[in-house]
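Q: Just protein.pdb, nothing more (PDB, C-alpha atoms):
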```
ATOM      1  CA  MET V 464      -3.319 -18.671 -31.636
ATOM      2  CA  LEU V 465      -1.066 -17.057 -29.027
ATOM      3  CA  ARG V 466      -0.542 -13.386 -29.811
ATOM      4  CA  HIS V 467       2.405 -11.183 -28.973
ATOM      5  CA  GLY V 468       0.283  -8.721 -27.023
ATOM      6  CA  ASP V 469      -1.346 -11.485 -24.967
ATOM      7  CA  VAL V 470       1.952 -12.596 -23.442
ATOM      8  CA  TRP V 471       3.086  -9.084 -22.575
ATOM      9  CA  ARG V 472      -0.347  -8.297 -21.134
ATOM     10  CA  ALA V 473      -0.067 -11.382 -18.931
ATOM     11  CA  ILE V 474       3.291 -10.142 -17.601
ATOM     12  CA  ASP V 475       1.737  -6.746 -16.813
ATOM     13  CA  ARG V 476      -1.187  -8.412 -15.048
ATOM     14  CA  LEU V 477       1.079 -10.733 -13.075
ATOM     15  CA  ALA V 478       3.155  -7.759 -11.916
ATOM     16  CA  ALA V 479       0.015  -5.922 -10.808
ATOM     17  CA  LYS V 480      -1.291  -9.003  -9.019
ATOM     18  CA  TYR V 481       1.882  -9.139  -6.931
ATOM     19  CA  GLY V 482       1.832  -5.439  -6.204
ATOM     20  CA  THR V 483       4.587  -4.216  -8.455
ATOM     21  CA  SER V 484       5.297  -2.743 -11.892
ATOM     22  CA  PRO V 485       6.771  -4.657 -14.851
ATOM     23  CA  SER V 486      10.131  -3.033 -14.014
ATOM     24  CA  GLY V 487       9.773  -4.037 -10.390
ATOM     25  CA  LEU V 488       8.897  -7.573 -11.409
ATOM     26  CA  ALA V 489      12.007  -7.778 -13.592
ATOM     27  CA  ARG V 490      14.171  -6.494 -10.742
ATOM     28  CA  ARG V 491      12.592  -8.968  -8.324
ATOM     29  CA  ALA V 492      13.427 -11.789 -10.736
ATOM     30  CA  GLY V 493      17.076 -10.732 -10.991
ATOM     31  CA  LEU V 494      16.682  -9.359 -14.508
ATOM     32  CA  ASP V 495      17.604  -5.997 -15.950
ATOM     33  CA  PRO V 496      14.860  -3.612 -14.739
ATOM     34  CA  THR V 497      14.145  -2.569 -18.332
ATOM     35  CA  THR V 498      13.544  -6.162 -19.525
ATOM     36  CA  PHE V 499       9.750  -5.772 -19.608
ATOM     37  CA  ASN V 500       9.584  -2.081 -20.555
ATOM     38  CA  LYS V 501       7.211  -1.279 -23.400
ATOM     39  CA  SER V 502      10.138   0.017 -25.434
ATOM     40  CA  LYS V 503      11.699  -3.466 -25.265
ATOM     41  CA  ARG V 504       8.641  -5.206 -26.712
ATOM     42  CA  VAL V 505       9.529  -4.266 -30.281
ATOM     43  CA  THR V 506      12.904  -3.939 -31.972
ATOM     44  CA  LYS V 507      14.214  -0.673 -33.396
ATOM     45  CA  ASP V 508      13.010  -1.728 -36.831
ATOM     46  CA  GLY V 509       9.507  -2.426 -35.544
ATOM     47  CA  LYS V 510       9.623  -6.217 -35.256
ATOM     48  CA  GLN V 511       7.860  -7.883 -32.360
ATOM     49  CA  ARG V 512      10.143  -9.063 -29.553
ATOM     50  CA  TRP V 513       8.898 -11.924 -27.382
ATOM     51  CA  PRO V 514       9.934 -12.482 -23.757
ATOM     52  CA  SER V 515      12.385 -15.354 -23.407
ATOM     53  CA  THR V 516      11.561 -18.669 -21.764
ATOM     54  CA  GLU V 517      14.296 -17.925 -19.227
ATOM     55  CA  SER V 518      12.776 -14.582 -18.218
ATOM     56  CA  LEU V 519       9.313 -16.145 -17.858
ATOM     57  CA  SER V 520      10.749 -18.906 -15.700
ATOM     58  CA  LYS V 521      12.516 -16.384 -13.477
ATOM     59  CA  ILE V 522       9.405 -14.318 -12.804
ATOM     60  CA  LEU V 523       7.460 -17.449 -11.897
ATOM     61  CA  ILE V 524      10.183 -18.401  -9.415
ATOM     62  CA  ALA V 525      10.394 -14.855  -8.033
ATOM     63  CA  THR V 526       6.654 -14.550  -7.437
ATOM     64  CA  GLY V 527       5.972 -18.176  -6.559
ATOM     65  CA  ALA V 528       3.289 -18.190  -9.257
ATOM     66  CA  SER V 529       2.549 -21.417 -11.087
ATOM     67  CA  LEU V 530       2.592 -21.709 -14.844
ATOM     68  CA  ALA V 531      -1.162 -22.281 -14.717
ATOM     69  CA  GLU V 532      -1.542 -18.989 -12.862
ATOM     70  CA  PHE V 533       0.439 -17.179 -15.536
ATOM     71  CA  VAL V 534      -1.615 -18.825 -18.279
ATOM     72  CA  SER V 535      -4.778 -17.666 -16.534
ATOM     73  CA  GLN V 536      -3.638 -14.083 -17.112
ATOM     74  CA  ILE V 537      -3.754 -14.787 -20.838
ATOM     75  CA  GLY V 538      -6.741 -17.099 -21.106
ATOM     76  CA  ASP V 539      -7.086 -20.867 -21.023
ATOM     77  CA  ASP V 540      -7.457 -21.055 -24.807
ATOM     78  CA  ASN V 541      -3.783 -20.167 -25.127
ATOM     79  CA  ALA V 542      -2.435 -22.686 -22.613
ATOM     80  CA  ALA V 543      -1.337 -25.177 -25.267
ATOM     81  CA  ALA V 544       0.552 -22.486 -27.162
ATOM     82  CA  LEU V 545       2.347 -21.277 -24.059
ATOM     83  CA  ALA V 546       3.268 -24.468 -22.212
ATOM     84  CA  GLN V 547       4.377 -27.993 -22.952
ATOM     85  CA  ARG V 548       4.656 -31.139 -20.895
ATOM     86  CA  ILE V 549       8.181 -32.524 -20.841
ATOM     87  CA  PRO V 550       9.419 -35.916 -19.557
ATOM     88  CA  LEU V 551      10.807 -36.021 -16.003
ATOM     89  CA  ILE V 552      12.892 -38.601 -14.118
ATOM     90  CA  GLY V 553      15.139 -38.500 -11.080
ATOM     91  CA  TYR V 554      18.807 -37.817 -11.786
ATOM     92  CA  SER V 555      19.738 -41.098 -10.108
ATOM     93  CA  GLN V 556      17.538 -42.938 -12.621
ATOM     94  CA  ALA V 557      19.304 -41.370 -15.595
ATOM     95  CA  ASN V 558      22.195 -43.805 -15.287
ATOM     96  CA  ALA V 559      19.885 -46.745 -15.909
ATOM     97  CA  GLN V 560      19.547 -48.208 -19.396
ATOM     98  CA  GLY V 561      16.595 -47.372 -21.631
ATOM     99  CA  PHE V 562      15.896 -43.752 -20.746
ATOM    100  CA  PHE V 563      17.848 -42.141 -23.614
ATOM    101  CA  ASP V 564      18.598 -42.883 -27.244
ATOM    102  CA  ASP V 565      22.074 -42.462 -28.755
ATOM    103  CA  SER V 566      21.433 -38.776 -29.456
ATOM    104  CA  GLY V 567      20.533 -37.975 -25.867
ATOM    105  CA  ASN V 568      16.789 -37.703 -26.474
ATOM    106  CA  PRO V 569      14.410 -39.171 -23.864
ATOM    107  CA  ALA V 570      13.215 -42.652 -24.803
ATOM    108  CA  GLY V 571      11.268 -45.556 -23.391
ATOM    109  CA  GLY V 572       8.803 -45.632 -20.532
ATOM    110  CA  GLY V 573       9.123 -44.770 -16.878
ATOM    111  CA  TRP V 574       9.095 -41.000 -17.323
ATOM    112  CA  ASP V 575       6.781 -38.676 -15.405
ATOM    113  CA  GLU V 576       5.859 -35.257 -16.786
ATOM    114  CA  VAL V 577       6.270 -31.643 -15.719
ATOM    115  CA  LEU V 578       4.644 -28.526 -17.192
ATOM    116  CA  PHE V 579       7.134 -26.005 -18.562
ATOM    117  CA  PRO V 580       6.992 -22.846 -20.715
ATOM    118  CA  ARG V 581       7.102 -23.877 -24.365
ATOM    119  CA  ILE V 582      10.564 -24.070 -25.913
ATOM    120  CA  ARG V 583      11.703 -24.955 -29.413
ATOM    121  CA  ASP V 584      13.146 -28.348 -28.541
ATOM    122  CA  PRO V 585      10.458 -31.071 -28.642
ATOM    123  CA  ASN V 586      12.963 -33.487 -27.036
ATOM    124  CA  ALA V 587      13.630 -31.376 -23.947
ATOM    125  CA  TYR V 588      13.421 -33.247 -20.665
ATOM    126  CA  ALA V 589      13.798 -32.650 -16.925
ATOM    127  CA  LEU V 590      15.891 -34.289 -14.212
ATOM    128  CA  GLU V 591      15.112 -34.007 -10.511
ATOM    129  CA  ILE V 592      18.237 -33.609  -8.380
ATOM    130  CA  GLY V 593      18.547 -35.858  -5.353
ATOM    131  CA  GLY V 594      20.881 -35.363  -2.408
ATOM    132  CA  ASP V 595      23.431 -32.644  -1.695
ATOM    133  CA  GLY V 596      26.224 -33.664  -4.078
ATOM    134  CA  MET V 597      25.774 -30.609  -6.321
ATOM    135  CA  GLU V 598      25.291 -27.944  -3.668
ATOM    136  CA  PRO V 599      25.322 -24.994  -3.673
ATOM    137  CA  VAL V 600      24.506 -24.852  -7.409
ATOM    138  CA  TYR V 601      21.708 -27.437  -7.333
ATOM    139  CA  ARG V 602      19.983 -28.668  -4.199
ATOM    140  CA  ASP V 603      17.907 -31.686  -3.317
ATOM    141  CA  GLY V 604      14.580 -31.465  -5.141
ATOM    142  CA  ASP V 605      15.679 -28.929  -7.774
ATOM    143  CA  ILE V 606      14.535 -29.711 -11.303
ATOM    144  CA  ILE V 607      16.831 -28.995 -14.233
ATOM    145  CA  VAL V 608      15.548 -28.733 -17.805
ATOM    146  CA  VAL V 609      17.848 -30.064 -20.518
ATOM    147  CA  SER V 610      17.758 -29.461 -24.285
ATOM    148  CA  PRO V 611      19.454 -32.017 -26.560
ATOM    149  CA  GLN V 612      19.106 -29.597 -29.494
ATOM    150  CA  ALA V 613      20.632 -26.505 -27.877
ATOM    151  CA  SER V 614      24.169 -25.612 -28.886
ATOM    152  CA  VAL V 615      26.760 -26.157 -26.153
ATOM    153  CA  ARG V 616      29.318 -23.484 -25.404
ATOM    154  CA  ARG V 617      32.224 -23.039 -23.044
ATOM    155  CA  GLY V 618      30.988 -22.276 -19.546
ATOM    156  CA  ASP V 619      27.620 -24.011 -19.993
ATOM    157  CA  ARG V 620      26.270 -26.433 -17.436
ATOM    158  CA  VAL V 621      25.717 -29.712 -19.236
ATOM    159  CA  VAL V 622      24.525 -33.278 -18.903
ATOM    160  CA  VAL V 623      27.026 -35.761 -20.354
ATOM    161  CA  LYS V 624      26.573 -39.463 -21.126
ATOM    162  CA  THR V 625      29.818 -41.433 -21.303
ATOM    163  CA  ARG V 626      30.434 -44.738 -23.040
ATOM    164  CA  ALA V 627      31.092 -46.205 -19.601
ATOM    165  CA  GLY V 628      27.412 -45.561 -18.850
ATOM    166  CA  GLU V 629      27.785 -42.545 -16.546
ATOM    167  CA  VAL V 630      25.387 -39.611 -16.748
ATOM    168  CA  LEU V 631      27.167 -36.548 -15.363
ATOM    169  CA  VAL V 632      25.965 -33.041 -14.537
ATOM    170  CA  MET V 633      28.987 -30.757 -14.906
ATOM    171  CA  ARG V 634      30.259 -27.475 -16.327
ATOM    172  CA  LEU V 635      32.049 -27.449 -19.671
ATOM    173  CA  SER V 636      35.241 -25.467 -19.157
ATOM    174  CA  ARG V 637      36.804 -26.223 -22.542
ATOM    175  CA  GLN V 638      36.205 -28.376 -25.618
ATOM    176  CA  SER V 639      38.479 -29.142 -28.541
ATOM    177  CA  ALA V 640      38.290 -31.563 -31.454
ATOM    178  CA  ARG V 641      39.916 -34.222 -29.278
ATOM    179  CA  ARG V 642      38.636 -33.787 -25.756
ATOM    180  CA  ALA V 643      36.277 -32.044 -23.350
ATOM    181  CA  GLU V 644      37.347 -30.584 -20.014
ATOM    182  CA  LEU V 645      34.598 -30.673 -17.396
ATOM    183  CA  ASN V 646      34.371 -29.302 -13.868
ATOM    184  CA  THR V 647      32.170 -30.482 -11.018
ATOM    185  CA  LEU V 648      29.563 -27.983  -9.877
ATOM    186  CA  ASN V 649      30.491 -28.075  -6.206
ATOM    187  CA  GLY V 650      34.246 -27.834  -6.695
ATOM    188  CA  ALA V 651      34.849 -31.316  -5.318
ATOM    189  CA  ALA V 652      36.585 -34.197  -7.089
ATOM    190  CA  GLY V 653      38.404 -31.821  -9.421
ATOM    191  CA  GLU V 654      38.291 -31.853 -13.194
ATOM    192  CA  ARG V 655      37.203 -34.565 -15.609
ATOM    193  CA  ILE V 656      38.957 -34.714 -18.972
ATOM    194  CA  LEU V 657      37.213 -36.944 -21.495
ATOM    195  CA  ASP V 658      38.323 -37.872 -24.977
ATOM    196  CA  ILE V 659      35.612 -37.044 -27.489
ATOM    197  CA  ASP V 660      35.193 -40.725 -28.344
ATOM    198  CA  GLU V 661      34.381 -41.387 -24.666
ATOM    199  CA  ILE V 662      31.300 -39.143 -24.907
ATOM    200  CA  VAL V 663      28.026 -40.516 -26.277
ATOM    201  CA  TRP V 664      26.237 -37.177 -26.037
ATOM    202  CA  MET V 665      26.413 -33.822 -24.297
ATOM    203  CA  SER V 666      23.339 -31.617 -23.757
ATOM    204  CA  ARG V 667      22.938 -28.120 -22.393
ATOM    205  CA  ILE V 668      21.017 -27.337 -19.191
ATOM    206  CA  LEU V 669      18.617 -24.498 -20.002
ATOM    207  CA  TRP V 670      16.948 -23.836 -16.680
ATOM    208  CA  ALA V 671      16.674 -24.920 -13.083
ATOM    209  CA  SER V 672      13.879 -24.526 -10.547
ATOM    210  CA  GLN V 673      15.551 -23.228  -7.377
TER     211      GLN V 673
END
```
Render the structure in this file as structure tokens.
A:
Amino acid sequence: MLRHGDVWRAIDRLAAKYGTSPSGLARRAGLDPTTFNKSKRVTKDGKQRWPSTESLSKILIATGASLAEFVSQIGDDNAAALAQRIPLIGYSQANAQGFFDDSGNPAGGGWDEVLFPRIRDPNAYALEIGGDGMEPVYRDGDIIVVSPQASVRRGDRVVVKTRAGEVLVMRLSRQSARRAELNTLNGAAGERILDIDEIVWMSRILWASQ
């Protein structure tokens, strides 16, 4: 069983391994410097507070450490509790038939796998970006992790499947009961306005490796 103290201890050890403090590690990852302070590890009423998947992902990117390296700071027995393997395909493949069901969950064969910090959505999947069409937000080779279960809000980056068969990576600028207004990530090609009945599913992008 993965324990609260094990995860925080692993963060402390990772910081020390890379020659910094937990506060320095947070700053290096672009987080609030107090994110990993001991005072932030419990709430004011004494409940345990766990580091978020996003913050763990950011410190791995900032240090260049692999997930396996982070797990090693906890102990191999806890690897299964900390990480999960999620399906991975190239973004260009996502437009092909058979990779998603009608709810936007990954389906069928042809998927590879990538190791990722455990999240609550068992249907999460990853897309590998190809080409420069989404620069500077996403570059060739970046991997984005998508959650079909996560709630979608204004301003989120999303993956959208249309009834015409397109799979789009865009930013949701506004959504009403009748339509969704979407913007391209690179500012090109303007805005897309889709009637709700044109959309098969829309899923939130949780994370990107950059």
Q: With distances taken over only C-alpha atoms, which of V:Ala570, V:Ile522, V:Ala559, V:Ile549 is nearest to Arg583 (chain V)?
A: V:Ile549
Q: For Ser610 (chain V), please output as a VMD selection string all residues within 8 Å (counting only C-alpha atoms; exclusion window: fewer than 6 positions along the same chain).
A: chain V and resid 584 586 to 588 666 to 669
Q: For the provided coordinates, the residues matched by the PyMOL selection byres ((chain V and resi 670) around 7) should be stated as a ChimeraX atom specification.
A: /V:517,607-608,668-669,671-672
Q: So what does the PyMOL selection byres ((chain V and resi 527) around 12) actually pick up in this one, as a VMD selection string?
A: chain V and resid 477 480 to 481 491 to 492 519 to 526 528 to 533 672 to 673
Q: From the list V:Met633, V:Leu494, V:Ala589, V:Ala489, which residue is nearest Gly650 (chain V) when using only C-alpha atoms?
A: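 For Gly650 (chain V), the nearest of the candidates is V:Met633.
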Q: Spell out the residues picked by the PyMOL selection byres ((chain V and resi 472-476) around 7) here, as number ranges by chain.
A: V: 468-471, 477-480, 485, 533, 536-537
Q: What would the file look like if the residues just selected were written as a CSV table (one decimal), in the coordinates of the input with C-alpha atoms?
A:
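Listed below is the output, out-v4.csv:
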```
chain,number,residue,atom,x,y,z
V,468,GLY,CA,0.3,-8.7,-27.0
V,469,ASP,CA,-1.3,-11.5,-25.0
V,470,VAL,CA,2.0,-12.6,-23.4
V,471,TRP,CA,3.1,-9.1,-22.6
V,477,LEU,CA,1.1,-10.7,-13.1
V,478,ALA,CA,3.2,-7.8,-11.9
V,479,ALA,CA,0.0,-5.9,-10.8
V,480,LYS,CA,-1.3,-9.0,-9.0
V,485,PRO,CA,6.8,-4.7,-14.9
V,533,PHE,CA,0.4,-17.2,-15.5
V,536,GLN,CA,-3.6,-14.1,-17.1
V,537,ILE,CA,-3.8,-14.8,-20.8
```
Q: Extract, using all atoms listed in the file, all DNA, RNA and protein residues at most 9 Å from region 594-600 of chain V, discarding same-chain residues fewer than 5 positions from it, and format them as a ChimeraX atom specification.
A: /V:632,647-650
Q: Trp574 (chain V): which residues within 12 Å, counting only C-alpha atoms, same-chain residues fewer than 5 positions away excluded, as number ranges by chain?
A: V: 548-554, 556-557, 561-563, 569, 588-591
Q: Quick check, in Å to one decimal: how far apart do CA of Tyr601 (chain V) and CA of Gly493 (chain V) lie?
A: 17.7 Å
Q: Figure out the distance between CA of Ser484 (chain V) and CA of Pro580 (chain V), please, to one decimal in Å.
A: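 Computing the Euclidean distance for CA of Pro580 (chain V) and CA of Ser484 (chain V) yields 22.0 Å.
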Q: So which residues touch Ser639 (chain V) within 9 Å, counting only C-alpha atoms, skipping near sequence neighbours fewer than 4 positions away, as a ChimeraX atom specification?
A: /V:643-644,659
Q: Draw an axis-aligned box tight on the listed atoms of region 545-557 of chain V, then pad every side by 8 Å and write out centre and edge lengths in Å to one decimal as lines of an AutoDock Vina configuration file.
A:
```
center_x = 11.0
center_y = -32.1
center_z = -17.1
size_x = 33.4
size_y = 37.7
size_z = 30.0
```
Q: Please provide the set of residues having any atom within 6 Å of Trp664 (chain V), restricted to all atoms listed in the file, with same-chain residues fewer than 4 positions apart removed, written as a PyMOL selection string.
A: chain V and resi 567+623-624
Q: Quick one, how far is CA of Leu631 (chain V) from CA of Leu657 (chain V)?
A: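 One can read the CA of Leu631 (chain V) to CA of Leu657 (chain V) distance as 11.8 Å.
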Q: Choose the residue, out of V:Pro514, V:Pro585, V:Gly618, V:Gly509, that has the smallest atom-to-atom separation from Gln638 (chain V); count all atoms listed in the file.
A: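 Among the listed residues, the smallest separation from Gln638 (chain V) belongs to V:Gly618.
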Q: Residues proximal to (9.9, -2.1, -12.7) were defined as those with any atom within 8 Å of that point in the file's coordinates, counting all atoms listed in the file. Which are they, as a ChimeraX atom specification?
A: /V:483-490,496-497,499-500
